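Novice: Input structure: data-v3.txt, which contains compact mmCIF, C-alpha atoms.
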# COMPACT_ATOMS: atom_id res chain seq x y z
CA MET A 6 261.94 112.06 107.60
CA ARG A 7 259.96 109.08 106.43
CA ARG A 8 256.96 111.29 105.84
CA ARG A 9 259.02 113.70 103.69
CA THR A 10 260.31 110.81 101.62
CA LEU A 11 256.76 109.58 101.03
CA THR A 12 255.65 113.03 99.97
CA ALA A 13 258.53 113.28 97.50
CA VAL A 14 257.65 109.89 95.95
CA LEU A 15 254.00 110.94 95.57
CA PHE A 16 255.07 114.20 93.88
CA VAL A 17 257.23 112.31 91.37
CA LEU A 18 254.40 109.86 90.58
CA ILE A 19 251.87 112.66 90.04
CA PHE A 20 254.30 114.58 87.82
CA CYS A 21 254.91 111.54 85.64
CA ALA A 22 251.23 110.75 85.40
CA PHE A 23 250.37 114.21 84.07
CA SER A 24 253.42 114.71 81.93
CA ARG A 25 252.74 111.72 79.54
CA PRO A 26 249.33 112.88 78.20
CA VAL A 27 250.74 116.35 77.51
CA ALA A 28 253.40 114.74 75.29
CA GLY A 29 250.62 112.71 73.41
CA GLN A 30 248.63 115.83 72.34
CA THR A 31 251.27 116.85 69.86
CA ARG A 32 250.73 113.83 67.60
CA ASN A 33 248.51 113.89 64.47
CA ALA A 34 245.60 111.58 63.65
CA THR A 35 244.39 111.34 60.01
CA LEU A 36 240.69 110.54 59.29
CA ASN A 37 239.80 109.40 55.78
CA ALA A 38 236.10 109.32 54.83
CA SER A 39 235.43 107.90 51.33
CA ILE A 40 232.26 109.19 49.66
CA ASN A 41 231.98 107.59 46.24
CA GLY A 42 229.67 108.26 43.34
CA LEU A 43 226.36 106.42 43.63
CA ALA A 44 223.02 106.36 41.79
CA ARG A 45 219.75 104.71 42.74
CA LEU A 46 216.38 104.87 41.00
CA SER A 47 213.00 103.64 42.17
CA LEU A 48 209.61 103.72 40.45
CA SER A 49 206.20 103.46 42.11
CA SER A 50 204.90 101.07 39.46
CA ALA A 51 206.45 98.37 37.28
CA ALA A 52 203.64 98.46 34.72
CA ILE A 53 201.14 100.88 33.17
CA SER A 54 198.18 100.18 30.92
CA PHE A 55 195.97 102.15 28.59
CA PRO A 56 192.38 100.90 28.37
CA ASP A 57 190.40 100.82 25.14
CA ALA A 58 188.31 103.92 24.46
CA ASP A 59 186.34 105.66 21.72
CA PRO A 60 188.78 107.90 19.80
CA ASP A 61 186.06 110.54 19.32
CA THR A 62 185.31 110.91 23.00
CA VAL A 63 188.79 110.11 24.40
CA PRO A 64 191.40 111.20 21.84
CA SER A 65 194.14 110.91 24.46
CA ILE A 66 193.92 108.03 26.94
CA GLN A 67 195.51 108.47 30.36
CA ALA A 68 197.25 105.48 31.90
CA THR A 69 195.04 103.65 34.37
CA GLN A 70 197.69 103.86 37.11
CA GLY A 71 197.68 107.67 37.10
CA PRO A 72 200.90 109.50 37.94
CA ILE A 73 204.00 107.32 38.39
CA THR A 74 206.34 108.51 41.12
CA LEU A 75 210.06 108.41 40.37
CA THR A 76 212.67 108.79 43.09
CA ALA A 77 216.29 109.44 42.11
CA LYS A 78 219.10 109.29 44.64
CA ALA A 79 222.54 110.32 43.50
CA ARG A 80 225.96 111.21 44.82
CA THR A 81 228.20 113.08 42.48
CA SER A 82 230.90 115.73 42.40
CA PRO A 83 230.09 119.35 43.33
CA ASN A 84 227.93 120.73 40.46
CA GLY A 85 228.03 117.28 38.83
CA SER A 86 225.23 116.64 36.35
CA ILE A 87 222.55 114.06 37.12
CA THR A 88 220.37 112.94 34.24
CA LEU A 89 217.34 110.67 34.13
CA THR A 90 216.32 109.35 30.70
CA VAL A 91 213.80 106.88 29.31
CA GLN A 92 213.79 104.85 26.10
CA ALA A 93 211.34 102.32 24.67
CA ASN A 94 212.71 98.94 23.62
CA ASP A 95 210.56 99.02 20.47
CA HIS A 96 207.37 100.47 19.07
CA LEU A 97 204.11 99.32 20.63
CA ARG A 98 203.72 95.89 19.11
CA SER A 99 200.88 93.40 18.76
CA GLY A 100 202.17 90.56 16.63
CA VAL A 101 203.13 92.10 13.30
CA ASN A 102 201.11 95.26 13.96
CA THR A 103 202.82 98.30 15.43
CA ILE A 104 201.95 101.73 16.80
CA PRO A 105 204.80 104.26 17.03
CA ALA A 106 206.26 104.62 20.52
CA SER A 107 206.00 108.36 19.95
CA HIS A 108 202.22 108.03 20.40
CA ILE A 109 202.95 107.80 24.12
CA THR A 110 203.62 111.11 25.82
CA TRP A 111 203.96 112.21 29.43
CA VAL A 112 203.25 115.21 31.58
CA ALA A 113 205.80 115.68 34.34
CA GLY A 114 205.58 117.10 37.84
CA GLY A 115 208.41 118.01 40.20
CA ALA A 116 211.55 120.14 40.17
CA GLY A 117 213.87 119.21 37.33
CA PHE A 118 211.32 117.01 35.55
CA THR A 119 210.17 117.80 32.03
CA ASN A 120 207.30 116.80 29.72
CA GLY A 121 208.20 114.55 26.82
CA THR A 122 207.45 112.05 24.08
CA LEU A 123 208.60 108.44 24.17
CA SER A 124 211.00 107.19 21.51
CA ALA A 125 212.26 103.76 20.50
CA THR A 126 215.33 105.17 18.78
CA SER A 127 216.85 107.58 21.30
CA ALA A 128 216.77 108.15 25.04
CA GLN A 129 214.53 111.04 26.05
CA ILE A 130 215.26 113.36 28.96
CA VAL A 131 212.93 112.89 31.91
CA ALA A 132 214.79 115.07 34.41
CA VAL A 133 218.08 116.88 34.96
CA TRP A 134 219.60 118.08 38.24
CA THR A 135 222.88 119.47 39.52
CA GLY A 136 224.75 118.04 42.48
CA SER A 137 224.05 115.25 44.93
CA GLY A 138 220.67 114.72 46.51
CA VAL A 139 217.36 112.87 46.61
CA ARG A 140 214.70 114.05 44.12
CA SER A 141 211.16 112.88 43.44
CA GLY A 142 208.71 113.69 40.71
CA THR A 143 205.88 112.23 38.69
CA GLN A 144 205.09 111.20 35.15
CA THR A 145 201.52 110.88 33.90
CA PHE A 146 201.38 108.96 30.63
CA PHE A 147 198.97 109.45 27.73
CA PHE A 148 198.29 107.35 24.62
CA LYS A 149 197.21 108.95 21.35
CA ASN A 150 193.95 107.20 20.42
CA LEU A 151 193.31 106.89 16.67
CA TRP A 152 190.70 105.15 14.53
CA SER A 153 193.44 103.90 12.22
CA TYR A 154 194.89 101.41 14.72
CA ALA A 155 194.42 97.73 14.07
CA THR A 156 192.80 95.92 16.98
CA GLY A 157 195.09 94.12 19.41
CA ILE A 158 196.92 94.22 22.72
CA TYR A 159 200.05 96.28 22.19
CA THR A 160 203.08 96.19 24.48
CA LEU A 161 206.52 97.70 24.93
CA THR A 162 209.02 98.20 27.75
CA MET A 163 210.35 101.55 28.89
CA THR A 164 213.83 101.54 30.39
CA TYR A 165 214.89 104.37 32.68
CA THR A 166 218.55 105.24 33.21
CA LEU A 167 219.80 107.49 35.98
CA SER A 168 223.33 108.81 35.39
CA ALA A 169 225.44 110.73 37.89
CA ALA A 170 228.53 112.21 36.22
CA MET B 6 260.00 113.92 61.55
CA LYS B 7 260.67 111.08 59.10
CA LYS B 8 257.65 109.23 60.41
CA ALA B 9 255.44 112.29 59.88
CA VAL B 10 256.49 112.53 56.22
CA TRP B 11 255.61 108.88 55.54
CA SER B 12 252.19 109.33 57.23
CA GLY B 13 251.43 112.27 54.94
CA ALA B 14 252.43 110.30 51.83
CA VAL B 15 250.22 107.38 52.79
CA ALA B 16 247.26 109.71 53.45
CA THR B 17 247.67 111.33 50.01
CA ALA B 18 247.81 107.95 48.33
CA VAL B 19 244.59 106.91 50.05
CA LEU B 20 242.84 110.12 48.95
CA LEU B 21 243.97 109.69 45.34
CA LEU B 22 242.81 106.09 45.33
CA GLY B 23 239.44 107.14 46.70
CA SER B 24 239.01 110.01 44.26
CA SER B 25 239.27 107.79 41.16
CA THR B 26 236.20 105.89 42.35
CA ALA B 27 234.39 108.98 43.57
CA PHE B 28 234.35 110.72 40.17
CA ALA B 29 233.51 107.70 37.99
CA GLN B 30 230.06 107.95 36.33
CA GLN B 31 227.42 106.04 38.21
CA THR B 32 224.24 104.68 36.63
CA ALA B 33 221.06 102.98 37.81
CA THR B 34 218.28 101.54 35.66
CA ALA B 35 214.64 100.53 36.08
CA SER B 36 211.87 99.59 33.68
CA ILE B 37 208.11 99.82 33.20
CA ALA B 38 206.00 97.47 31.05
CA VAL B 39 203.43 99.28 28.91
CA THR B 40 200.20 97.76 27.58
CA ALA B 41 197.64 99.44 25.31
CA SER B 42 194.33 97.79 24.45
CA VAL B 43 192.79 98.53 21.06
CA ASN B 44 189.38 96.91 20.58
CA ALA B 45 187.08 96.66 17.56
CA LYS B 46 184.74 99.63 17.06
CA ALA B 47 182.38 101.03 14.47
CA LYS B 48 180.77 104.44 14.21
CA LEU B 49 178.55 105.78 11.43
CA THR B 50 177.44 109.37 10.97
CA LEU B 51 174.97 110.57 8.34
CA GLY B 52 174.74 114.24 7.40
CA LEU B 53 170.92 114.13 7.30
CA ALA B 54 168.32 112.26 9.30
CA ALA B 55 165.49 112.84 6.80
CA ILE B 56 165.03 113.45 3.09
CA THR B 57 161.94 115.00 1.56
CA PHE B 58 160.97 115.11 -2.10
CA ALA B 59 158.56 117.95 -2.75
CA ASP B 60 155.71 117.38 -5.22
CA ALA B 61 156.62 118.29 -8.78
CA ASP B 62 155.26 118.05 -12.36
CA PRO B 63 156.55 114.76 -13.85
CA ASP B 64 157.07 116.41 -17.20
CA VAL B 65 159.18 119.17 -15.69
CA THR B 66 160.96 117.06 -13.04
CA PRO B 67 161.00 113.45 -14.16
CA LEU B 68 163.43 112.48 -11.40
CA TYR B 69 163.46 113.57 -7.77
CA THR B 70 167.02 114.00 -6.52
CA SER B 71 168.04 114.70 -2.93
CA ALA B 72 170.83 116.93 -1.73
CA PRO B 73 174.06 115.01 -1.07
CA VAL B 74 174.00 113.16 2.22
CA SER B 75 177.46 112.97 3.82
CA VAL B 76 178.54 109.64 5.25
CA SER B 77 181.33 109.30 7.80
CA VAL B 78 182.59 105.83 8.58
CA LYS B 79 184.90 105.14 11.50
CA ALA B 80 186.06 101.62 12.11
CA ARG B 81 188.67 99.78 14.08
CA THR B 82 189.26 96.22 13.08
CA THR B 83 191.99 93.70 12.42
CA VAL B 84 194.54 94.23 9.68
CA GLY B 85 192.67 93.48 6.44
CA GLY B 86 189.37 93.18 8.35
CA ASN B 87 186.28 93.66 6.17
CA VAL B 88 184.48 96.89 7.06
CA LEU B 89 181.03 96.85 5.47
CA LEU B 90 178.34 99.53 5.17
CA THR B 91 174.93 98.32 4.05
CA VAL B 92 171.47 99.84 3.72
CA LEU B 93 168.13 98.09 4.11
CA ALA B 94 164.73 99.69 3.55
CA SER B 95 161.93 99.09 5.99
CA GLY B 96 159.58 98.36 3.09
CA ASP B 97 158.34 99.97 -0.08
CA LEU B 98 157.50 103.67 -0.07
CA ASP B 99 154.13 103.54 1.55
CA SER B 100 151.11 105.83 1.70
CA GLY B 101 148.29 103.86 3.26
CA SER B 102 147.28 101.28 0.70
CA ALA B 103 149.36 102.84 -2.08
CA THR B 104 152.99 101.96 -2.54
CA ILE B 105 155.94 102.80 -4.74
CA PRO B 106 158.57 100.05 -5.07
CA VAL B 107 161.61 100.94 -2.97
CA THR B 108 163.78 99.36 -5.65
CA THR B 109 163.13 102.46 -7.75
CA LEU B 110 164.73 104.59 -5.03
CA THR B 111 168.34 104.57 -6.21
CA TRP B 112 171.54 106.20 -5.06
CA ALA B 113 174.72 107.61 -6.52
CA ALA B 114 177.71 107.78 -4.19
CA THR B 115 181.13 109.37 -4.18
CA GLY B 116 184.14 108.61 -1.99
CA THR B 117 186.77 105.88 -1.81
CA GLY B 118 185.23 102.51 -1.12
CA PHE B 119 181.64 103.63 -1.70
CA ALA B 120 179.50 101.82 -4.29
CA ALA B 121 179.06 104.39 -7.06
CA ASN B 122 175.47 103.34 -7.78
CA GLY B 123 172.85 101.14 -6.24
CA ALA B 124 169.18 100.52 -5.63
CA ASN B 125 167.44 100.08 -2.30
CA SER B 126 165.71 96.91 -1.21
CA PHE B 127 163.65 95.81 1.78
CA THR B 128 164.40 92.14 1.24
CA ALA B 129 168.19 92.20 1.22
CA ALA B 130 170.72 94.66 2.61
CA GLN B 131 172.52 96.48 -0.17
CA THR B 132 176.22 97.33 0.04
CA LEU B 133 176.84 101.07 0.08
CA GLY B 134 180.54 100.84 0.94
CA GLN B 135 183.30 98.38 1.72
CA TRP B 136 186.82 98.88 3.09
CA SER B 137 189.75 96.83 4.33
CA GLY B 138 191.17 97.48 7.78
CA SER B 139 190.81 100.32 10.28
CA GLY B 140 190.21 103.88 9.21
CA ASN B 141 187.91 106.82 8.78
CA PRO B 142 186.63 106.92 5.17
CA THR B 143 184.10 109.58 4.22
CA GLY B 144 181.85 110.11 1.24
CA SER B 145 178.39 111.23 0.22
CA HIS B 146 175.45 109.89 -1.65
CA THR B 147 172.32 111.26 -3.28
CA LEU B 148 168.98 109.49 -3.50
CA SER B 149 166.81 109.60 -6.59
CA LEU B 150 163.23 108.55 -7.26
CA PRO B 151 161.45 108.58 -10.63
CA ASN B 152 158.49 111.00 -10.72
CA LEU B 153 155.79 109.16 -12.67
CA TRP B 154 152.28 110.11 -13.74
CA SER B 155 151.15 106.65 -12.59
CA TYR B 156 151.67 107.32 -8.88
CA ASN B 157 148.62 107.63 -6.68
CA THR B 158 148.45 110.83 -4.73
CA GLY B 159 149.65 110.67 -1.16
CA THR B 160 152.59 111.17 1.13
CA TYR B 161 154.89 108.21 0.85
CA THR B 162 157.43 107.29 3.47
CA VAL B 163 160.10 104.70 3.99
CA THR B 164 162.92 104.33 6.46
CA LEU B 165 166.40 103.43 5.28
CA ASN B 166 168.50 101.63 7.88
CA TYR B 167 172.27 101.88 7.50
CA THR B 168 174.49 99.31 9.18
CA LEU B 169 178.26 99.51 9.59
CA THR B 170 180.09 96.38 10.66
CA ALA B 171 183.74 95.92 11.59
CA PRO B 172 184.81 92.40 12.63
Written as structure tokens, that's how I'd like the structure from this file.

Specialist:
Amino acid sequence: MRRRTLTAVLFVLIFCAFSRPVAGQTRNATLNASINGLARLSLSSAAISFPDADPDTVPSIQATQGPITLTAKARTSPNGSITLTVQANDHLRSGVNTIPASHITWVAGGAGFTNGTLSATSAQIVAVWTGSGVRSGTQTFFFKNLWSYATGIYTLTMTYTLSAA
Amino acid sequence: MKKAVWSGAVATAVLLLGSSTAFAQQTATASIAVTASVNAKAKLTLGLAAITFADADPDVTPLYTSAPVSVSVKARTTVGGNVLLTVLASGDLDSGSATIPVTTLTWAATGTGFAANGANSFTAAQTLGQWSGSGNPTGSHTLSLPNLWSYNTGTYTVTLNYTLTAP
């Protein structure tokens, strides 16, 4: 009799133990993952320079640093447009003497990148892509070398802007 | 059931809140400093390396005149820098012991900045052209020598040295 009672108690305990998890499986759990827009740009060099050269033998001077590598990381909406532009802060300037910023051009390499001419008045397209991702490409800069330039050390700053719509 | 409805409303609110941030335009910037060096330079090109006056009867050809010699000047200098082209003879026209004064060897030049006329000298460089600032002026000049009965026979030579300077 005592053994039967013990068996019945064990049965009840086992039933209760298994019945509670079955009731829990019917509840819902909501997972929210926030993926926001983000843009990040890195350049392989913070400066480039064009050495002096004879305009007759080197009519177009390549930057000493060679190709500059640009890496653009962007998160955007599906089919969102990602644009990389560059603009000079001024013409090449050496004191009061200037050389047009447009005398600097580049040859591009990499998917989405395009060749172009620098401007101090409007941002120029360097590359365009669609959708999120990480893209890399190169720009090799050239300086138009003319006899008409006044001697001097000319400088300007190029500012790149990566936009993810 | 009531609890489930509230959970759904809260989840929707969270998604809407997140979406306003997710679709805002994102930008990143970077910059590169550019330097271009432009140094002083001078380059001179003459269309001919030698001029020859053939013998002629002084009565028929009283003045030897060369073909035009083109002159190309290329100079890089400071703004307003004085670009100067001069010519200096190595001596008089010389044929052994006989000479003809180089000062009688004259020129006539055309082109902006070129001296329209001048006479050669071996004692002082003569200005053939002068310009202000960088550039690539071009012109030409002809050389002339009187053909006189008084000359001794011979083959006379002289070298004219042209010098272009850009400070």

Novice: Rank B:Ser95, B:Thr83, B:Thr168, B:Thr66 by their smallest atom-to-atom distance to chain A, using all atoms listed in the file, and report the top residue only.

Specialist: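 Residue with the minimum atom-to-atom distance to chain A: B:Thr83.
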
Novice: Set out as a Markdown table a contact list for chain A and chain B with a cut-off of 6 Å, giving each residue of chain A that qualifies its closest atom pair and distance in Å to one decimal, counting only C-alpha atoms, ordered by chain and rising residue number.

Specialist:
| residue | atom | partner | partner_atom | distance |
| --- | --- | --- | --- | --- |
| A:Asn41 | CA | B:Ala27 | CA | 3.9 |
| A:Gly42 | CA | B:Ala27 | CA | 4.8 |
| A:Leu43 | CA | B:Gln31 | CA | 5.5 |
| A:Ala44 | CA | B:Thr32 | CA | 5.6 |
| A:Arg45 | CA | B:Ala33 | CA | 5.4 |
| A:Leu46 | CA | B:Ala33 | CA | 6.0 |
| A:Ala51 | CA | B:Ile37 | CA | 4.6 |
| A:Ala52 | CA | B:Ala38 | CA | 4.5 |
| A:Ile53 | CA | B:Val39 | CA | 5.1 |
| A:Ser54 | CA | B:Thr40 | CA | 4.6 |
| A:Phe55 | CA | B:Ala41 | CA | 4.6 |
| A:Pro56 | CA | B:Ser42 | CA | 5.4 |
| A:Asp57 | CA | B:Ser42 | CA | 5.0 |
| A:Trp152 | CA | B:Gly140 | CA | 5.5 |
| A:Ser153 | CA | B:Gly140 | CA | 4.4 |
| A:Ala155 | CA | B:Thr83 | CA | 5.0 |
| A:Thr156 | CA | B:Val43 | CA | 4.8 |
| A:Gly157 | CA | B:Val43 | CA | 5.2 |
| A:Ile158 | CA | B:Ser42 | CA | 4.7 |
| A:Tyr159 | CA | B:Ala41 | CA | 5.1 |
| A:Thr160 | CA | B:Thr40 | CA | 4.5 |
| A:Leu161 | CA | B:Val39 | CA | 5.3 |
| A:Thr162 | CA | B:Ala38 | CA | 4.5 |
| A:Met163 | CA | B:Ile37 | CA | 5.2 |
| A:Thr164 | CA | B:Ser36 | CA | 4.3 |
| A:Tyr165 | CA | B:Ala35 | CA | 5.1 |
| A:Thr166 | CA | B:Thr34 | CA | 4.4 |
| A:Leu167 | CA | B:Ala33 | CA | 5.0 |
| A:Ser168 | CA | B:Thr32 | CA | 4.4 |
| A:Ala169 | CA | B:Gln31 | CA | 5.1 |
| A:Ala170 | CA | B:Gln30 | CA | 4.5 |

Novice: Give me, as an mmCIF file with C-alpha atoms, keeping the file's coordinate frame, all polymer residues having an atom no more than 6 Å from range 104-121 of chain A, counting all atoms listed in the file and skipping those fewer than 2 positions away in the same chain.

Specialist:
data_model
loop_
_atom_site.group_PDB
_atom_site.id
_atom_site.type_symbol
_atom_site.label_atom_id
_atom_site.label_comp_id
_atom_site.auth_asym_id
_atom_site.auth_seq_id
_atom_site.Cartn_x
_atom_site.Cartn_y
_atom_site.Cartn_z
ATOM 1 C CA HIS A 96 207.370 100.470 19.070
ATOM 2 C CA LEU A 97 204.110 99.320 20.630
ATOM 3 C CA LEU A 123 208.600 108.440 24.170
ATOM 4 C CA SER A 124 211.000 107.190 21.510
ATOM 5 C CA VAL A 131 212.930 112.890 31.910
ATOM 6 C CA ALA A 132 214.790 115.070 34.410
ATOM 7 C CA VAL A 133 218.080 116.880 34.960
ATOM 8 C CA TRP A 134 219.600 118.080 38.240
ATOM 9 C CA GLY A 142 208.710 113.690 40.710
ATOM 10 C CA THR A 143 205.880 112.230 38.690
ATOM 11 C CA GLN A 144 205.090 111.200 35.150
ATOM 12 C CA THR A 145 201.520 110.880 33.900
ATOM 13 C CA PHE A 146 201.380 108.960 30.630
ATOM 14 C CA PHE A 147 198.970 109.450 27.730
ATOM 15 C CA PHE A 148 198.290 107.350 24.620
ATOM 16 C CA LYS A 149 197.210 108.950 21.350
#

Novice: What lies within 12 Å of Thr128 in chain B using all atoms listed in the file, ignoring chain neighbours under 2 positions off, as number ranges by chain?

Specialist: B: 92-97, 106-108, 124-126, 130-131

Novice: Pull C-alpha atoms from the residues just selected and write them as a compact mmCIF listing (two decimals), in the coordinates of the input.

Specialist:
# COMPACT_ATOMS: atom_id res chain seq x y z
CA VAL B 92 171.47 99.84 3.72
CA LEU B 93 168.13 98.09 4.11
CA ALA B 94 164.73 99.69 3.55
CA SER B 95 161.93 99.09 5.99
CA GLY B 96 159.58 98.36 3.09
CA ASP B 97 158.34 99.97 -0.08
CA PRO B 106 158.57 100.05 -5.07
CA VAL B 107 161.61 100.94 -2.97
CA THR B 108 163.78 99.36 -5.65
CA ALA B 124 169.18 100.52 -5.63
CA ASN B 125 167.44 100.08 -2.30
CA SER B 126 165.71 96.91 -1.21
CA ALA B 130 170.72 94.66 2.61
CA GLN B 131 172.52 96.48 -0.17

Novice: With only C-alpha atoms as the basis for distance, which of A:Asn94, A:Asn102, A:Thr88, A:Ser49 is at the shortest distance from Ile130 in chain A?

Specialist: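 Among A:Asn94, A:Asn102, A:Thr88, A:Ser49, it is A:Thr88 that comes nearest to Ile130 in chain A.
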
Novice: Just the number, please: distance in Å from CA of Val139 in chain A to CA of Thr122 in chain A, one decimal.

Specialist: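 Straight-line distance from CA of Val139 in chain A to CA of Thr122 in chain A works out to 24.6 Å.
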
Novice: Under the rule that all atoms listed in the file are counted, which of B:Ala121, B:Leu148, B:Val163, B:Leu90 is the nearest residue to Ile105 in chain B?

Specialist: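 So, comparing all the options, the nearest one is B:Val163.
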
Novice: Report the distance between CA of Thr115 in chain B and CA of Gln135 in chain B in Å, rounded to one decimal place.

Specialist: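 Computing the Euclidean distance for CA of Thr115 in chain B and CA of Gln135 in chain B yields 12.7 Å.
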
Novice: What is the distance between CA of Ala58 in chain A and CA of Gly134 in chain B, in Å to one decimal?

Specialist: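 These atoms are spaced 25.0 Å apart.
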
Novice: Just want the 12 Å neighbourhood of Val65 in chain B, counted on only C-alpha atoms, with same-chain residues fewer than 5 positions away dropped. Output as a CSV table (one decimal) with C-alpha atoms, in the frame of the given file.

Specialist:
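The new file out.csv reads:
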chain,number,residue,atom,x,y,z
B,60,ASP,CA,155.7,117.4,-5.2
B,151,PRO,CA,161.4,108.6,-10.6
B,152,ASN,CA,158.5,111.0,-10.7
B,153,LEU,CA,155.8,109.2,-12.7
B,154,TRP,CA,152.3,110.1,-13.7

Novice: Please rebuild range 108-130 of chain B with N, CA and C atoms and give the result as a PDB file, keeping the file's coordinate frame.

Specialist:
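File written: rebuild-v7.pdb
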ATOM      1  N   THR B 108     162.674  99.673  -4.723  1.00  0.00           N
ATOM      2  CA  THR B 108     163.780  99.360  -5.650  1.00  0.00           C
ATOM      3  C   THR B 108     163.984 100.464  -6.686  1.00  0.00           C
ATOM      4  N   THR B 109     162.975 101.340  -6.808  1.00  0.00           N
ATOM      5  CA  THR B 109     163.130 102.460  -7.750  1.00  0.00           C
ATOM      6  C   THR B 109     163.831 103.645  -7.074  1.00  0.00           C
ATOM      7  N   LEU B 110     164.000 103.555  -5.767  1.00  0.00           N
ATOM      8  CA  LEU B 110     164.730 104.590  -5.030  1.00  0.00           C
ATOM      9  C   LEU B 110     166.227 104.226  -5.109  1.00  0.00           C
ATOM     10  N   THR B 111     166.932 104.923  -5.933  1.00  0.00           N
ATOM     11  CA  THR B 111     168.340 104.570  -6.210  1.00  0.00           C
ATOM     12  C   THR B 111     169.292 105.581  -5.571  1.00  0.00           C
ATOM     13  N   TRP B 112     170.555 105.248  -5.563  1.00  0.00           N
ATOM     14  CA  TRP B 112     171.540 106.200  -5.060  1.00  0.00           C
ATOM     15  C   TRP B 112     172.739 106.288  -6.006  1.00  0.00           C
ATOM     16  N   ALA B 113     173.427 107.414  -5.873  1.00  0.00           N
ATOM     17  CA  ALA B 113     174.720 107.610  -6.520  1.00  0.00           C
ATOM     18  C   ALA B 113     175.663 108.115  -5.431  1.00  0.00           C
ATOM     19  N   ALA B 114     176.798 107.458  -5.309  1.00  0.00           N
ATOM     20  CA  ALA B 114     177.710 107.780  -4.190  1.00  0.00           C
ATOM     21  C   ALA B 114     179.081 108.192  -4.704  1.00  0.00           C
ATOM     22  N   THR B 115     179.739 109.001  -3.901  1.00  0.00           N
ATOM     23  CA  THR B 115     181.130 109.370  -4.180  1.00  0.00           C
ATOM     24  C   THR B 115     181.961 109.085  -2.931  1.00  0.00           C
ATOM     25  N   GLY B 116     183.246 108.875  -3.123  1.00  0.00           N
ATOM     26  CA  GLY B 116     184.140 108.610  -1.990  1.00  0.00           C
ATOM     27  C   GLY B 116     184.796 107.247  -2.137  1.00  0.00           C
ATOM     28  N   THR B 117     186.024 107.137  -1.694  1.00  0.00           N
ATOM     29  CA  THR B 117     186.770 105.880  -1.810  1.00  0.00           C
ATOM     30  C   THR B 117     186.069 104.760  -1.043  1.00  0.00           C
ATOM     31  N   GLY B 118     185.834 103.680  -1.739  1.00  0.00           N
ATOM     32  CA  GLY B 118     185.230 102.510  -1.120  1.00  0.00           C
ATOM     33  C   GLY B 118     183.719 102.478  -1.189  1.00  0.00           C
ATOM     34  N   PHE B 119     183.104 103.593  -1.602  1.00  0.00           N
ATOM     35  CA  PHE B 119     181.640 103.630  -1.700  1.00  0.00           C
ATOM     36  C   PHE B 119     181.198 103.039  -3.053  1.00  0.00           C
ATOM     37  N   ALA B 120     180.064 102.340  -3.046  1.00  0.00           N
ATOM     38  CA  ALA B 120     179.500 101.820  -4.290  1.00  0.00           C
ATOM     39  C   ALA B 120     178.946 103.013  -5.078  1.00  0.00           C
ATOM     40  N   ALA B 121     179.417 103.196  -6.292  1.00  0.00           N
ATOM     41  CA  ALA B 121     179.060 104.390  -7.060  1.00  0.00           C
ATOM     42  C   ALA B 121     177.564 104.495  -7.306  1.00  0.00           C
ATOM     43  N   ASN B 122     176.910 103.340  -7.513  1.00  0.00           N
ATOM     44  CA  ASN B 122     175.470 103.340  -7.780  1.00  0.00           C
ATOM     45  C   ASN B 122     174.825 102.138  -7.115  1.00  0.00           C
ATOM     46  N   GLY B 123     173.558 102.275  -6.804  1.00  0.00           N
ATOM     47  CA  GLY B 123     172.850 101.140  -6.240  1.00  0.00           C
ATOM     48  C   GLY B 123     171.367 101.436  -6.108  1.00  0.00           C
ATOM     49  N   ALA B 124     170.617 100.393  -5.809  1.00  0.00           N
ATOM     50  CA  ALA B 124     169.180 100.520  -5.630  1.00  0.00           C
ATOM     51  C   ALA B 124     168.803  99.919  -4.286  1.00  0.00           C
ATOM     52  N   ASN B 125     167.838 100.550  -3.629  1.00  0.00           N
ATOM     53  CA  ASN B 125     167.440 100.080  -2.300  1.00  0.00           C
ATOM     54  C   ASN B 125     166.560  98.839  -2.393  1.00  0.00           C
ATOM     55  N   SER B 126     166.511  98.125  -1.288  1.00  0.00           N
ATOM     56  CA  SER B 126     165.710  96.910  -1.210  1.00  0.00           C
ATOM     57  C   SER B 126     165.250  96.734   0.236  1.00  0.00           C
ATOM     58  N   PHE B 127     164.056  96.127   0.400  1.00  0.00           N
ATOM     59  CA  PHE B 127     163.650  95.810   1.780  1.00  0.00           C
ATOM     60  C   PHE B 127     163.783  94.323   2.053  1.00  0.00           C
ATOM     61  N   THR B 128     164.236  93.590   1.051  1.00  0.00           N
ATOM     62  CA  THR B 128     164.400  92.140   1.240  1.00  0.00           C
ATOM     63  C   THR B 128     165.846  91.741   1.505  1.00  0.00           C
ATOM     64  N   ALA B 129     166.775  92.539   1.015  1.00  0.00           N
ATOM     65  CA  ALA B 129     168.190  92.200   1.220  1.00  0.00           C
ATOM     66  C   ALA B 129     169.008  93.485   1.396  1.00  0.00           C
ATOM     67  N   ALA B 130     169.864  93.488   2.376  1.00  0.00           N
ATOM     68  CA  ALA B 130     170.720  94.660   2.610  1.00  0.00           C
ATOM     69  C   ALA B 130     171.629  94.881   1.405  1.00  0.00           C
TER      70      ALA B 130
END
